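Structure file work_17.txt; described as compact mmCIF, C-alpha atoms.
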# COMPACT_ATOMS: atom_id res chain seq x y z
CA MET A 42 49.45 108.40 32.89
CA LEU A 43 49.69 105.78 35.70
CA GLY A 44 52.30 107.87 37.44
CA LEU A 45 54.71 106.77 34.75
CA LYS A 46 57.10 109.34 33.32
CA PRO A 47 58.21 109.20 29.71
CA THR A 48 61.57 108.07 31.06
CA SER A 49 60.09 105.34 33.26
CA ARG A 50 61.70 102.03 32.39
CA LEU A 51 59.54 98.95 32.04
CA ALA A 52 60.55 95.29 31.91
CA LEU A 53 58.85 91.91 31.96
CA LYS A 54 58.76 90.48 35.47
CA ASP A 55 61.00 87.54 36.29
CA ASN A 56 59.55 84.18 35.27
CA ILE A 57 57.17 85.74 32.74
CA MET A 58 57.14 83.94 29.43
CA LEU A 59 55.26 85.07 26.33
CA GLN A 60 53.84 82.58 23.86
CA GLY A 61 51.61 82.74 20.85
CA ILE A 62 50.07 80.86 17.97
CA PRO A 63 49.66 83.74 15.49
CA GLU A 64 47.89 81.56 12.92
CA LEU A 65 45.09 81.01 15.44
CA ASP A 66 45.31 84.50 16.95
CA HIS A 67 46.07 82.97 20.36
CA TYR A 68 48.48 84.85 22.61
CA TYR A 69 49.47 84.29 26.22
CA ALA A 70 51.65 85.44 29.10
CA PHE A 71 52.70 82.81 31.62
CA ASP A 72 54.34 83.01 35.01
CA THR A 73 56.46 79.87 35.12
CA LYS A 74 56.89 80.12 38.90
CA THR A 75 53.34 80.65 40.12
CA GLY A 76 51.58 79.06 37.14
CA ASP A 77 49.45 82.17 36.57
CA HIS A 78 48.43 82.52 32.95
CA TYR A 79 46.86 85.32 30.96
CA GLN A 80 45.19 85.32 27.59
CA LEU A 81 46.22 88.33 25.54
CA ASN A 82 45.04 89.99 22.39
CA HIS A 83 47.50 90.57 19.60
CA THR A 84 48.12 94.19 20.57
CA ALA A 85 48.87 93.41 24.21
CA HIS A 86 51.19 90.61 23.14
CA TRP A 87 52.96 92.98 20.76
CA VAL A 88 53.43 95.54 23.54
CA LEU A 89 54.78 93.01 26.02
CA GLU A 90 57.13 91.58 23.43
CA SER A 91 58.32 95.07 22.63
CA ILE A 92 59.01 95.78 26.28
CA GLY A 93 61.30 92.76 26.25
CA ASN A 94 64.19 93.15 28.61
CA GLN A 95 63.71 96.85 29.15
CA THR A 96 62.38 99.97 27.44
CA THR A 97 61.15 103.40 28.45
CA PHE A 98 57.52 104.38 28.22
CA GLN A 99 58.37 107.09 25.68
CA GLU A 100 60.30 104.68 23.43
CA LEU A 101 57.42 102.25 23.61
CA LEU A 102 54.86 104.96 22.86
CA ASP A 103 56.75 106.15 19.80
CA ILE A 104 57.09 102.73 18.26
CA PHE A 105 53.52 101.78 19.22
CA ALA A 106 52.04 104.87 17.52
CA LYS A 107 54.16 104.29 14.43
CA SER A 108 53.52 100.55 14.13
CA PHE A 109 49.75 100.83 14.53
CA GLU A 110 49.48 104.19 12.73
CA LEU A 111 47.78 105.92 15.64
CA SER A 112 47.58 109.54 16.70
CA LYS A 113 49.68 110.42 19.71
CA ALA A 114 46.63 110.80 21.94
CA THR A 115 45.05 107.51 20.89
CA ALA A 116 48.35 105.68 21.18
CA GLU A 117 48.97 107.05 24.66
CA ASN A 118 45.47 106.14 25.78
CA ASP A 119 45.58 102.58 24.40
CA LEU A 120 49.12 101.91 25.56
CA SER A 121 48.38 103.22 29.06
CA GLU A 122 45.49 100.80 29.38
CA ILE A 123 47.64 97.84 28.37
CA ILE A 124 50.50 98.89 30.66
CA HIS A 125 48.08 99.44 33.53
CA ASN A 126 46.66 95.91 33.16
CA ALA A 127 50.11 94.39 32.83
CA LEU A 128 51.38 96.15 35.95
CA GLU A 129 48.25 95.24 37.89
CA ASN A 130 48.64 91.57 36.96
CA HIS A 131 52.38 91.55 37.75
CA ILE A 132 53.34 90.73 34.19
CA ILE A 133 55.66 93.73 33.94
CA LYS A 134 57.46 95.91 36.45
CA GLU A 135 58.94 99.38 36.58
CA VAL A 136 62.69 99.27 36.95
CA SER A 137 65.20 101.82 38.08
CA PRO A 138 67.12 103.51 35.28
CA MET B 188 31.86 47.54 48.53
CA LYS B 189 32.12 48.71 44.94
CA LYS B 190 33.66 52.13 44.69
CA SER B 191 32.03 54.78 42.57
CA ILE B 192 34.54 57.00 40.85
CA GLN B 193 33.14 59.82 38.81
CA GLU B 194 34.96 60.44 35.55
CA PRO B 195 35.68 64.05 34.62
CA ASN B 196 34.63 65.67 31.37
CA LEU B 197 37.53 65.61 28.96
CA GLY B 198 37.96 69.36 29.16
CA ASP B 199 38.24 69.22 32.95
CA GLU B 200 40.87 66.50 33.05
CA PHE B 201 44.65 66.65 33.10
CA TYR B 202 46.29 63.26 32.75
CA PHE B 203 49.70 62.16 34.01
CA GLN B 204 51.19 58.88 32.84
CA TRP B 205 53.80 58.13 35.46
CA HIS B 206 56.47 55.51 34.93
CA LEU B 207 57.90 54.64 38.34
CA THR B 208 60.50 52.26 36.97
CA GLU B 209 61.68 50.87 33.65
CA ARG B 210 62.53 47.54 35.27
CA CYS B 211 60.30 44.73 34.16
CA ASN B 212 59.98 41.01 34.74
CA ARG B 213 58.88 40.52 31.13
CA ALA B 214 60.76 41.17 27.91
CA CYS B 215 57.98 41.85 25.42
CA ARG B 216 59.03 42.09 21.79
CA HIS B 217 56.90 45.13 21.06
CA CYS B 218 57.84 47.23 24.10
CA TYR B 219 58.51 50.94 23.66
CA GLN B 220 61.32 50.72 26.20
CA ASP B 221 64.79 50.26 24.76
CA GLY B 222 66.04 47.99 27.55
CA LYS B 223 68.66 50.43 28.85
CA PRO B 224 68.78 50.89 32.63
CA THR B 225 67.30 54.16 33.89
CA ALA B 226 67.81 55.99 37.17
CA GLU B 227 64.85 55.91 39.56
CA LEU B 228 63.75 58.57 41.99
CA GLY B 229 63.34 57.73 45.65
CA LEU B 230 60.01 57.85 47.43
CA LYS B 231 60.63 61.34 48.84
CA ASP B 232 61.03 62.76 45.33
CA LEU B 233 58.02 60.80 44.08
CA LEU B 234 55.89 62.28 46.84
CA ASN B 235 57.20 65.74 45.95
CA ILE B 236 56.04 65.16 42.39
CA ILE B 237 52.52 64.48 43.62
CA GLY B 238 52.63 67.88 45.32
CA LEU B 239 53.73 69.47 42.04
CA MET B 240 50.88 67.71 40.21
CA GLU B 241 48.39 69.08 42.72
CA GLU B 242 49.83 72.58 42.40
CA ALA B 243 49.57 72.41 38.61
CA VAL B 244 46.04 71.03 38.27
CA GLY B 245 44.87 73.36 41.04
CA LYS B 246 46.20 76.36 39.18
CA TRP B 247 44.70 75.19 35.90
CA GLY B 248 41.32 74.43 37.42
CA LYS B 249 41.56 70.82 36.27
CA GLN B 250 41.05 67.46 37.89
CA GLY B 251 44.17 65.34 37.84
CA THR B 252 44.05 61.72 36.76
CA LEU B 253 46.97 59.34 36.67
CA SER B 254 48.21 56.06 35.39
CA LEU B 255 50.87 54.53 37.61
CA THR B 256 53.02 52.23 35.57
CA GLY B 257 56.49 51.02 34.64
CA GLY B 258 58.23 48.82 33.49
CA GLU B 259 56.36 46.71 35.95
CA PRO B 260 55.12 48.98 38.76
CA PHE B 261 54.73 46.13 41.26
CA LEU B 262 58.53 45.78 41.23
CA ARG B 263 58.34 48.94 43.38
CA ARG B 264 55.46 47.58 45.37
CA ASP B 265 56.05 49.46 48.64
CA ASP B 266 56.54 52.78 46.87
CA LEU B 267 53.51 52.11 44.69
CA TYR B 268 51.29 51.67 47.74
CA ALA B 269 52.78 54.74 49.41
CA LEU B 270 51.91 56.78 46.33
CA MET B 271 48.41 55.35 46.11
CA ASP B 272 47.83 56.15 49.79
CA ARG B 273 48.99 59.71 49.20
CA ILE B 274 46.77 60.15 46.14
CA ASP B 275 43.84 58.64 48.03
CA ARG B 276 44.12 61.64 50.39
CA SER B 277 44.36 64.24 47.61
CA ASP B 278 41.59 66.73 46.97
CA LEU B 279 42.87 67.51 43.49
CA LEU B 280 43.75 64.13 42.04
CA LEU B 281 40.56 62.38 41.11
CA TYR B 282 41.61 58.80 40.46
CA TYR B 283 44.43 56.60 39.20
CA ASP B 284 44.76 53.50 37.10
CA ILE B 285 47.59 50.99 37.35
CA LEU B 286 49.09 49.69 34.13
CA THR B 287 50.76 46.37 34.83
CA ASN B 288 51.52 43.07 33.20
CA GLY B 289 49.59 41.47 36.04
CA SER B 290 52.19 38.82 36.78
CA LEU B 291 52.57 39.85 40.43
CA ILE B 292 48.88 40.26 41.22
CA THR B 293 48.03 37.31 43.40
CA GLU B 294 44.66 36.88 45.09
CA LYS B 295 46.10 38.47 48.23
CA GLU B 296 47.54 41.39 46.28
CA ALA B 297 44.20 41.96 44.56
CA GLU B 298 42.41 42.04 47.90
CA LYS B 299 44.87 44.64 49.17
CA LEU B 300 44.56 46.70 45.99
CA ALA B 301 40.79 46.69 46.23
CA ARG B 302 41.06 48.69 49.46
CA GLN B 303 42.60 51.71 47.68
CA HIS B 304 39.99 54.45 47.52
CA LYS B 305 40.85 56.10 44.20
CA LEU B 306 41.93 53.12 42.18
CA ARG B 307 39.65 53.27 39.15
CA ARG B 308 40.94 50.38 37.07
CA VAL B 309 43.87 48.09 36.62
CA GLN B 310 44.96 47.67 33.02
CA VAL B 311 46.69 44.52 31.87
CA SER B 312 47.89 43.71 28.39
CA LEU B 313 46.94 40.80 26.18
CA GLU B 314 48.29 40.46 22.67
CA GLY B 315 45.89 37.79 21.53
CA ALA B 316 43.03 35.53 22.46
CA THR B 317 45.27 32.50 22.68
CA ALA B 318 48.41 31.67 24.61
CA ALA B 319 50.24 31.00 21.35
CA THR B 320 49.67 34.51 19.96
CA ASN B 321 50.09 36.32 23.25
CA ASP B 322 53.14 34.44 24.46
CA ALA B 323 54.94 34.86 21.14
CA VAL B 324 55.14 38.57 22.05
CA ARG B 325 55.07 38.60 25.85
CA GLY B 326 56.86 35.37 26.74
CA ASN B 327 55.94 31.84 27.70
CA GLY B 328 53.32 31.50 30.39
CA SER B 329 52.30 35.16 30.24
CA PHE B 330 48.83 34.50 28.81
CA ASP B 331 47.82 32.19 31.64
CA ALA B 332 49.35 34.52 34.23
CA THR B 333 47.46 37.51 32.86
CA ILE B 334 44.15 35.67 32.77
CA GLN B 335 44.73 34.56 36.36
CA ALA B 336 45.49 38.15 37.38
CA ILE B 337 42.27 39.33 35.75
CA ARG B 338 40.30 36.69 37.64
CA ASN B 339 41.99 37.57 40.93
CA MET B 340 41.11 41.20 40.49
CA ARG B 341 37.56 40.58 39.34
CA LYS B 342 37.06 38.38 42.40
CA ALA B 343 38.28 41.23 44.60
CA GLY B 344 35.89 43.66 42.90
CA ILE B 345 38.49 45.60 40.92
CA ASP B 346 37.55 46.93 37.50
CA VAL B 347 39.93 45.57 34.89
CA SER B 348 40.82 46.98 31.52
CA ILE B 349 42.63 45.11 28.78
CA MET B 350 45.01 46.75 26.34
CA THR B 351 46.04 45.14 23.08
CA THR B 352 48.73 46.43 20.77
CA VAL B 353 47.50 45.75 17.26
CA SER B 354 49.87 44.57 14.56
CA ARG B 355 50.08 41.91 11.87
CA LEU B 356 50.91 39.47 14.66
CA ASN B 357 47.39 39.61 16.06
CA CYS B 358 45.05 41.56 13.76
CA GLY B 359 43.27 38.35 12.77
CA GLU B 360 42.43 37.65 16.39
CA ILE B 361 41.03 40.97 17.57
CA THR B 362 37.42 39.79 17.32
CA ASP B 363 38.31 36.94 19.65
CA VAL B 364 40.15 39.31 21.98
CA ILE B 365 37.00 41.44 22.28
CA ARG B 366 34.99 38.31 23.07
CA LEU B 367 37.60 37.12 25.59
CA ALA B 368 37.64 40.52 27.28
CA GLY B 369 33.87 40.28 27.70
CA ASP B 370 34.00 36.71 28.95
CA GLU B 371 36.60 37.68 31.56
CA GLY B 372 34.54 40.65 32.73
CA ALA B 373 36.89 43.41 31.58
CA VAL B 374 35.10 46.74 31.63
CA THR B 375 37.05 48.20 28.75
CA LEU B 376 39.32 47.11 25.93
CA ALA B 377 41.81 49.57 24.46
CA LEU B 378 43.47 48.94 21.12
CA GLU B 379 46.77 50.73 20.58
CA ARG B 380 48.79 50.63 17.42
CA LEU B 381 52.27 49.10 17.38
CA ILE B 382 54.79 51.94 17.17
CA PRO B 383 58.19 50.82 15.85
CA GLU B 384 60.20 52.28 18.73
CA GLY B 385 62.40 50.94 21.50
CA THR B 386 62.47 47.15 21.48
CA GLY B 387 59.45 47.29 19.18
CA GLU B 388 61.64 48.66 16.40
CA GLY B 389 62.48 45.04 15.70
CA LEU B 390 58.86 44.46 14.73
CA ALA B 391 58.66 47.32 12.22
CA ASP B 392 57.59 44.91 9.49
CA GLN B 393 54.59 43.92 11.62
CA VAL B 394 53.09 47.42 11.66
CA LEU B 395 49.75 47.38 9.86
CA SER B 396 49.44 49.15 6.54
CA SER B 397 46.87 51.93 6.36
CA HIS B 398 44.39 49.67 4.56
CA GLU B 399 44.91 46.82 6.99
CA LEU B 400 44.27 49.23 9.85
CA ARG B 401 41.16 50.62 8.14
CA ASP B 402 39.72 47.12 7.73
CA LEU B 403 40.49 46.28 11.35
CA TYR B 404 38.99 49.50 12.74
CA GLN B 405 35.87 49.02 10.61
CA GLN B 406 35.46 45.50 11.99
CA VAL B 407 36.05 46.67 15.57
CA TYR B 408 33.60 49.55 15.21
CA GLU B 409 30.86 47.22 13.97
CA ILE B 410 31.37 44.92 16.95
CA ALA B 411 31.61 47.80 19.41
CA ILE B 412 28.34 49.42 18.42
CA ASN B 413 26.48 46.15 18.16
CA GLY B 414 26.59 45.21 21.80
CA ALA B 415 30.05 43.92 22.62
CA GLN B 416 30.18 42.59 26.18
CA THR B 417 33.07 44.89 26.97
CA ARG B 418 33.33 48.57 26.11
CA VAL B 419 35.82 49.00 23.30
CA LEU B 420 37.48 52.40 23.58
CA LEU B 421 37.01 54.11 20.25
CA TYR B 422 38.30 57.52 21.22
CA ARG B 423 41.62 57.08 19.49
CA PRO B 424 43.12 58.91 16.49
CA LEU B 425 42.00 57.54 13.08
CA PHE B 426 38.84 55.90 14.46
CA ALA B 427 37.10 59.14 13.48
CA LEU B 428 37.56 58.20 9.83
CA ILE B 429 35.32 55.18 10.32
CA ALA B 430 32.32 57.10 11.63
CA PRO B 431 32.87 60.88 11.48
CA GLU B 432 29.28 61.56 12.61
CA ASP B 433 29.55 59.41 15.75
CA PRO B 434 30.62 61.63 18.68
CA THR B 435 31.91 58.65 20.67
CA VAL B 436 34.49 57.86 18.03
CA GLY B 437 37.91 59.39 17.51
CA ALA B 438 39.87 61.80 19.67
CA LEU B 439 42.58 64.35 19.46
CA CYS B 440 45.94 63.18 20.67
CA SER B 441 46.39 64.45 24.22
CA ALA B 442 50.08 65.32 23.73
CA GLY B 443 50.47 69.04 24.23
CA ASN B 444 46.80 69.41 25.15
CA ASN B 445 45.96 67.79 28.45
CA ALA B 446 48.58 65.20 29.36
CA LEU B 447 52.21 64.65 30.27
CA THR B 448 54.34 61.57 30.80
CA ILE B 449 56.82 61.40 33.66
CA MET B 450 59.71 58.96 33.47
CA PRO B 451 61.40 57.20 36.42
CA ASP B 452 64.12 59.87 36.73
CA GLY B 453 61.65 62.77 36.48
CA THR B 454 62.21 63.42 32.77
CA VAL B 455 59.02 64.59 31.11
CA TYR B 456 57.82 63.55 27.65
CA PRO B 457 54.76 64.81 25.73
CA CYS B 458 53.66 61.15 25.56
CA ARG B 459 55.36 57.86 26.44
CA ARG B 460 55.20 56.89 22.81
CA LEU B 461 56.80 60.23 21.82
CA PRO B 462 59.96 60.10 23.93
CA ILE B 463 61.30 63.60 23.31
CA PRO B 464 62.55 65.05 26.63
CA ILE B 465 60.94 68.42 27.36
CA GLY B 466 62.31 68.94 30.87
CA ASN B 467 62.59 67.36 34.28
CA VAL B 468 59.73 67.84 36.67
CA LEU B 469 61.95 68.19 39.73
CA THR B 470 64.33 70.75 38.27
CA ASP B 471 61.97 72.63 35.94
CA GLY B 472 58.52 72.11 37.43
CA PHE B 473 55.35 71.55 35.43
CA PHE B 474 54.66 75.22 34.74
CA LYS B 475 57.95 75.92 32.97
CA ILE B 476 57.62 72.74 30.94
CA TRP B 477 53.95 73.19 30.02
CA TYR B 478 54.27 76.86 29.15
CA GLY B 479 57.75 76.86 27.68
CA SER B 480 58.37 73.69 25.72
CA ASP B 481 58.81 74.39 22.01
CA VAL B 482 57.82 70.78 21.31
CA LEU B 483 54.49 71.22 23.09
CA TRP B 484 53.81 74.51 21.32
CA ARG B 485 54.55 72.90 17.97
CA LEU B 486 52.15 70.07 18.80
CA ARG B 487 49.40 72.50 19.81
CA ASN B 488 49.28 74.32 16.50
CA PRO B 489 47.39 72.32 13.85
CA GLU B 490 48.89 74.59 11.22
CA ASN B 491 52.15 72.71 11.80
CA LEU B 492 50.67 69.39 10.71
CA GLY B 493 52.17 68.07 7.52
CA GLY B 494 50.89 66.05 4.59
CA LYS B 495 47.31 64.91 4.58
CA CYS B 496 46.94 65.51 8.34
CA GLY B 497 47.40 69.21 7.63
CA ASN B 498 44.66 69.20 4.98
CA CYS B 499 42.20 66.95 6.76
CA ASP B 500 38.52 67.82 7.22
CA LEU B 501 38.50 65.97 10.55
CA LEU B 502 41.03 68.17 12.39
CA ALA B 503 38.55 68.72 15.21
CA GLN B 504 38.32 64.97 15.83
CA CYS B 505 41.66 63.54 14.74
CA ARG B 506 45.18 64.76 14.19
CA GLY B 507 46.72 61.33 13.82
CA CYS B 508 49.27 59.74 16.11
CA ARG B 509 52.30 61.98 16.45
CA ALA B 510 54.44 59.10 17.72
CA MET B 511 53.67 57.02 14.64
CA ALA B 512 54.62 60.00 12.47
CA TYR B 513 57.83 60.51 14.46
CA PHE B 514 59.05 56.96 14.30
CA SER B 515 58.10 56.57 10.66
CA THR B 516 59.47 59.84 9.31
CA GLY B 517 61.56 61.53 12.03
CA ASP B 518 59.09 64.45 12.15
CA TYR B 519 56.36 64.26 14.77
CA MET B 520 54.25 66.73 12.82
CA ALA B 521 54.32 64.71 9.61
CA GLU B 522 51.18 62.93 8.45
CA ASP B 523 50.19 59.78 10.25
CA PRO B 524 51.46 57.09 7.87
CA GLN B 525 48.67 54.69 8.85
CA CYS B 526 45.92 57.07 7.79
CA TRP B 527 43.90 55.77 4.86
CA GLY B 528 41.99 59.00 4.28
Could you spell out this file's structure in C-alpha cells?
Amino acid sequence: MLGLKPTSRLALKDNIMLQGIPELDHYYAFDTKTGDHYQLNHTAHWVLESIGNQTTFQELLDIFAKSFELSKATAENDLSEIIHNALENHIIKEVSP
Amino acid sequence: MKKSIQEPNLGDEFYFQWHLTERCNRACRHCYQDGKPTAELGLKDLLNIIGLMEEAVGKWGKQGTLSLTGGEPFLRRDDLYALMDRIDRSDLLLYYDILTNGSLITEKEAEKLARQHKLRRVQVSLEGATAATNDAVRGNGSFDATIQAIRNMRKAGIDVSIMTTVSRLNCGEITDVIRLAGDEGAVTLALERLIPEGTGEGLADQVLSSHELRDLYQQVYEIAINGAQTRVLLYRPLFALIAPEDPTVGALCSAGNNALTIMPDGTVYPCRRLPIPIGNVLTDGFFKIWYGSDVLWRLRNPENLGGKCGNCDLLAQCRGCRAMAYFSTGDYMAEDPQCWG
C-alpha cells in the first residue's frame, strides 16, 4: 500500500489548484507555480478534492468505499492507484501528523 | 527583403494583446478607453513580462503571438523598440503585430520598423472610406494621416492591416472601405463591432441592431468570397450565422480559451473589450490567473451561456461576443444582443 499507513496524512501540495467543468466531465489539477497541469477523471478529482487540506488514508478509504459503493478490497486497490499517481506527479504530499 | 512569417494553427497559438500605455494623441469617440490616466510599467517590468509569456507558452506547448498596442504605442517609442528587439530574439514568441493609429509613422519610422524580424503586420484603424466619415469619429486630419501612414509602410515593405469599427456611423460605407483597403494594398481588413464601453458609451445609440448587422455581414461575406482585393477577416463571432457550412467563417471568442489582455500597469483582462480584472501578471503570474480565474472558468463552460446563445446549434463555431453581452446586459454570459438567429 505505497508504504502508506492507515494513519498517514495526505494533503494537496502547495500551489496545487483543482478545477472542473462537471457538465463537460472535464477535471484538472494545476500547479500555479510551475504551470504543470494534469487532466483528471471524475474519480481522481473527487479523491483530490476530498483530501483537501489534510486527511488520513484510512479516512479517505472509508469515505471513498462508501461514496462509490465499493468493497473494501476494490476501494483500497483503486484509491491506492490514484494516490500513487498523485504522489508521483507531486500533486499531493504526505504530511507529518 | 520581404519577411516570411509562418502563422500557427489556431490550436497551437496563444495570443497576448498588450497595451503598453493608455496615452493617446487622438480622442476617438468610439474608444473603449475611459480617458482616465493609468499607471505604466517601466521597461524592466515590461521585459520581465516577456519572460513570463515565454515561460507560459513554453509550458503549454503553444506558440506565443502578440499585439503591441496602446493608447498609441509609438508614444513609448523607445520602449516599443526595446520590446520588439527582445521578442525578435525569442524562440517561443512567433510574431507580433502593432496596433496603432499610424499618426507617428513617418517614412523614416516605417523604414526602421521594416527591419524588425518578427513584425508580422501593422494594423491601423479607419472608420470610413472618406475623411468626413472617418474624421467625425477619429478627429480632423486623421483620415489623411492614416492613409499616409499606410503608404509609408507599404513603401517600406510592411504588411498593413486595416481595422474598422462598424456602427450606424459607417455601415453604409463598408463596401467602399473594403475597396479602399484593396486600393491601398492592405493585406487584411478586420471589422469589429462598436461596443458601448469607455468613451464609446456615448455612441450607444449608434450600435447596429441585430438585423442591421445581419444585412451588413451578408453584404460583406458576398464581397469577401467574390474576390475582394483585400482579405476580409470573417473569423469573428456571428459571421458563422451567414454561412454555417463555410469553415473560413465565424470563430469562437478567444476570451478564456487562448488569449489574454495585459494593461499598462500589468492588470490582466480576458479581453480588452471585456475589462474585468482577473489579476496582475507581475504579482500573480500567468499560471495563477489562467488556472484560477473564476471569470475565465465561467467563460470556458458553454453551459453558462444564457438566452439564445445557450440554445444555439452553432456553439462549435460561435458563442457571440461576451463584451457586447456584458455592456448591454451587465452579464458577460448573456446572449449576444446583436445576434439575429
**Request:** Please indicate the distance in Å from CA of Ile412 (chain B) to CA of Ile429 (chain B), rounded to one decimal place.
**Result:** 12.1 Å
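Using all atoms listed in the file, the chain B residues found within 9 Å of chain A amount to Glu242, Ala243, Lys246, Trp247, Gly472, Phe473, Phe474, Lys475, Ile476, Trp477, Tyr478, Gly479, Trp484, Arg487, Asn488 and Glu490 of chain B.
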Would you pick out the contacts of Gln416 (chain B) at 12 Å or less, using only C-alpha atoms, so that residues sharing its chain but fewer than 2 positions from it are not included, and give the list as a PDB file with C-alpha atoms, keeping the file's coordinate frame?
ATOM      1  CA  THR B 362      37.420  39.790  17.320  1.00  0.00           C
ATOM      2  CA  ASP B 363      38.310  36.940  19.650  1.00  0.00           C
ATOM      3  CA  VAL B 364      40.150  39.310  21.980  1.00  0.00           C
ATOM      4  CA  ILE B 365      37.000  41.440  22.280  1.00  0.00           C
ATOM      5  CA  ARG B 366      34.990  38.310  23.070  1.00  0.00           C
ATOM      6  CA  LEU B 367      37.600  37.120  25.590  1.00  0.00           C
ATOM      7  CA  ALA B 368      37.640  40.520  27.280  1.00  0.00           C
ATOM      8  CA  GLY B 369      33.870  40.280  27.700  1.00  0.00           C
ATOM      9  CA  ASP B 370      34.000  36.710  28.950  1.00  0.00           C
ATOM     10  CA  GLU B 371      36.600  37.680  31.560  1.00  0.00           C
ATOM     11  CA  GLY B 372      34.540  40.650  32.730  1.00  0.00           C
ATOM     12  CA  ALA B 373      36.890  43.410  31.580  1.00  0.00           C
ATOM     13  CA  VAL B 374      35.100  46.740  31.630  1.00  0.00           C
ATOM     14  CA  THR B 375      37.050  48.200  28.750  1.00  0.00           C
ATOM     15  CA  LEU B 376      39.320  47.110  25.930  1.00  0.00           C
ATOM     16  CA  ILE B 410      31.370  44.920  16.950  1.00  0.00           C
ATOM     17  CA  ALA B 411      31.610  47.800  19.410  1.00  0.00           C
ATOM     18  CA  ILE B 412      28.340  49.420  18.420  1.00  0.00           C
ATOM     19  CA  ASN B 413      26.480  46.150  18.160  1.00  0.00           C
ATOM     20  CA  GLY B 414      26.590  45.210  21.800  1.00  0.00           C
ATOM     21  CA  ARG B 418      33.330  48.570  26.110  1.00  0.00           C
ATOM     22  CA  VAL B 419      35.820  49.000  23.300  1.00  0.00           C
TER      23      VAL B 419
END
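For the set B:Lys223, B:Arg216, B:Lys249, B:Arg509, the residue with the smallest atom-to-atom gap to Phe201 (chain B) is B:Lys249, counting all atoms listed in the file.
In this structure, CA of Cys499 (chain B) sits 12.1 Å away from CA of Pro431 (chain B).
Proximity ranking of A:His67, A:Thr48, A:Leu53, A:Asp119 relative to Asn82 (chain A) places A:His67 first, based on only C-alpha atoms.
The gap separating CA of Leu89 (chain A) from CA of Ile123 (chain A) is 8.9 Å, in Å to one decimal.
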Box in all listed atoms of region 254-273 of chain B, axis-aligned, with 3 Å more on each side; write out centre and edge lengths in Å to one decimal as lines of an AutoDock Vina configuration file.
center_x = 53.2
center_y = 52.7
center_z = 41.6
size_x = 16.7
size_y = 19.9
size_z = 22.3
**Request:** For Lys46 (chain A), list every protein, DNA or RNA residue within 10 Å, evaluated using all atoms listed in the file, and leave out those in the same chain fewer than 6 positions away; present the list as a ChimeraX atom specification.
**Result:** /A:97-99
Resulting file, chosen residues, C-alpha atoms, as a short mmCIF file (atom, residue, chain, number, x, y, z; two decimals), in the frame of the given file:
data_model
loop_
_atom_site.label_atom_id
_atom_site.label_comp_id
_atom_site.auth_asym_id
_atom_site.auth_seq_id
_atom_site.Cartn_x
_atom_site.Cartn_y
_atom_site.Cartn_z
CA THR A 97 61.15 103.40 28.45
CA PHE A 98 57.52 104.38 28.22
CA GLN A 99 58.37 107.09 25.68
#
**Closest of B:Tyr202, B:Ile292, B:Ser277, B:Leu207 to Thr454 (chain B) - atom-to-atom distances counting only C-alpha atoms** = B:Leu207
**Request:** Extract, using only C-alpha atoms, all DNA, RNA and protein residues at most 10 Å from Gln525 (chain B), discarding same-chain residues fewer than 4 positions from it, and format them as a ChimeraX atom specification.
**Result:** /B:380,394-401,425,507-508,511-512,515
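When only C-alpha atoms are used to measure the gap to Arg355 (chain B), the shortest distance among B:His217, B:Met340, B:Gly289, B:Lys299 belongs to B:His217.
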Around the point (47.1, 60.7, 18.0) in the file's coordinates, collect all residues with an atom within 8 Å, using only C-alpha atoms, and return them as a PDB file with C-alpha atoms, in the coordinates of the input.
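Result written to result-v1.pdb:
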ATOM      1  CA  ARG B 423      41.620  57.080  19.490  1.00  0.00           C
ATOM      2  CA  PRO B 424      43.120  58.910  16.490  1.00  0.00           C
ATOM      3  CA  LEU B 425      42.000  57.540  13.080  1.00  0.00           C
ATOM      4  CA  ALA B 438      39.870  61.800  19.670  1.00  0.00           C
ATOM      5  CA  LEU B 439      42.580  64.350  19.460  1.00  0.00           C
ATOM      6  CA  CYS B 440      45.940  63.180  20.670  1.00  0.00           C
ATOM      7  CA  SER B 441      46.390  64.450  24.220  1.00  0.00           C
ATOM      8  CA  ALA B 442      50.080  65.320  23.730  1.00  0.00           C
ATOM      9  CA  CYS B 505      41.660  63.540  14.740  1.00  0.00           C
ATOM     10  CA  ARG B 506      45.180  64.760  14.190  1.00  0.00           C
ATOM     11  CA  GLY B 507      46.720  61.330  13.820  1.00  0.00           C
ATOM     12  CA  CYS B 508      49.270  59.740  16.110  1.00  0.00           C
ATOM     13  CA  ARG B 509      52.300  61.980  16.450  1.00  0.00           C
ATOM     14  CA  ALA B 510      54.440  59.100  17.720  1.00  0.00           C
TER      15      ALA B 510
END
**Prompt:** Can you list, as a list of chain:residue names, every protein, DNA or RNA residue that comes within 8 Å of Ser91 (chain A) when you count all atoms listed in the file, leaving out same-chain residues fewer than 4 positions away?
**Reply:** A:Trp87, A:Thr96, A:Leu101
Those selected residues, please, written with C-alpha atoms and delivered as a compact mmCIF listing (two decimals), in the coordinates of the input.
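Once written, out.txt looks like this:
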# COMPACT_ATOMS: atom_id res chain seq x y z
CA TRP A 87 52.96 92.98 20.76
CA THR A 96 62.38 99.97 27.44
CA LEU A 101 57.42 102.25 23.61
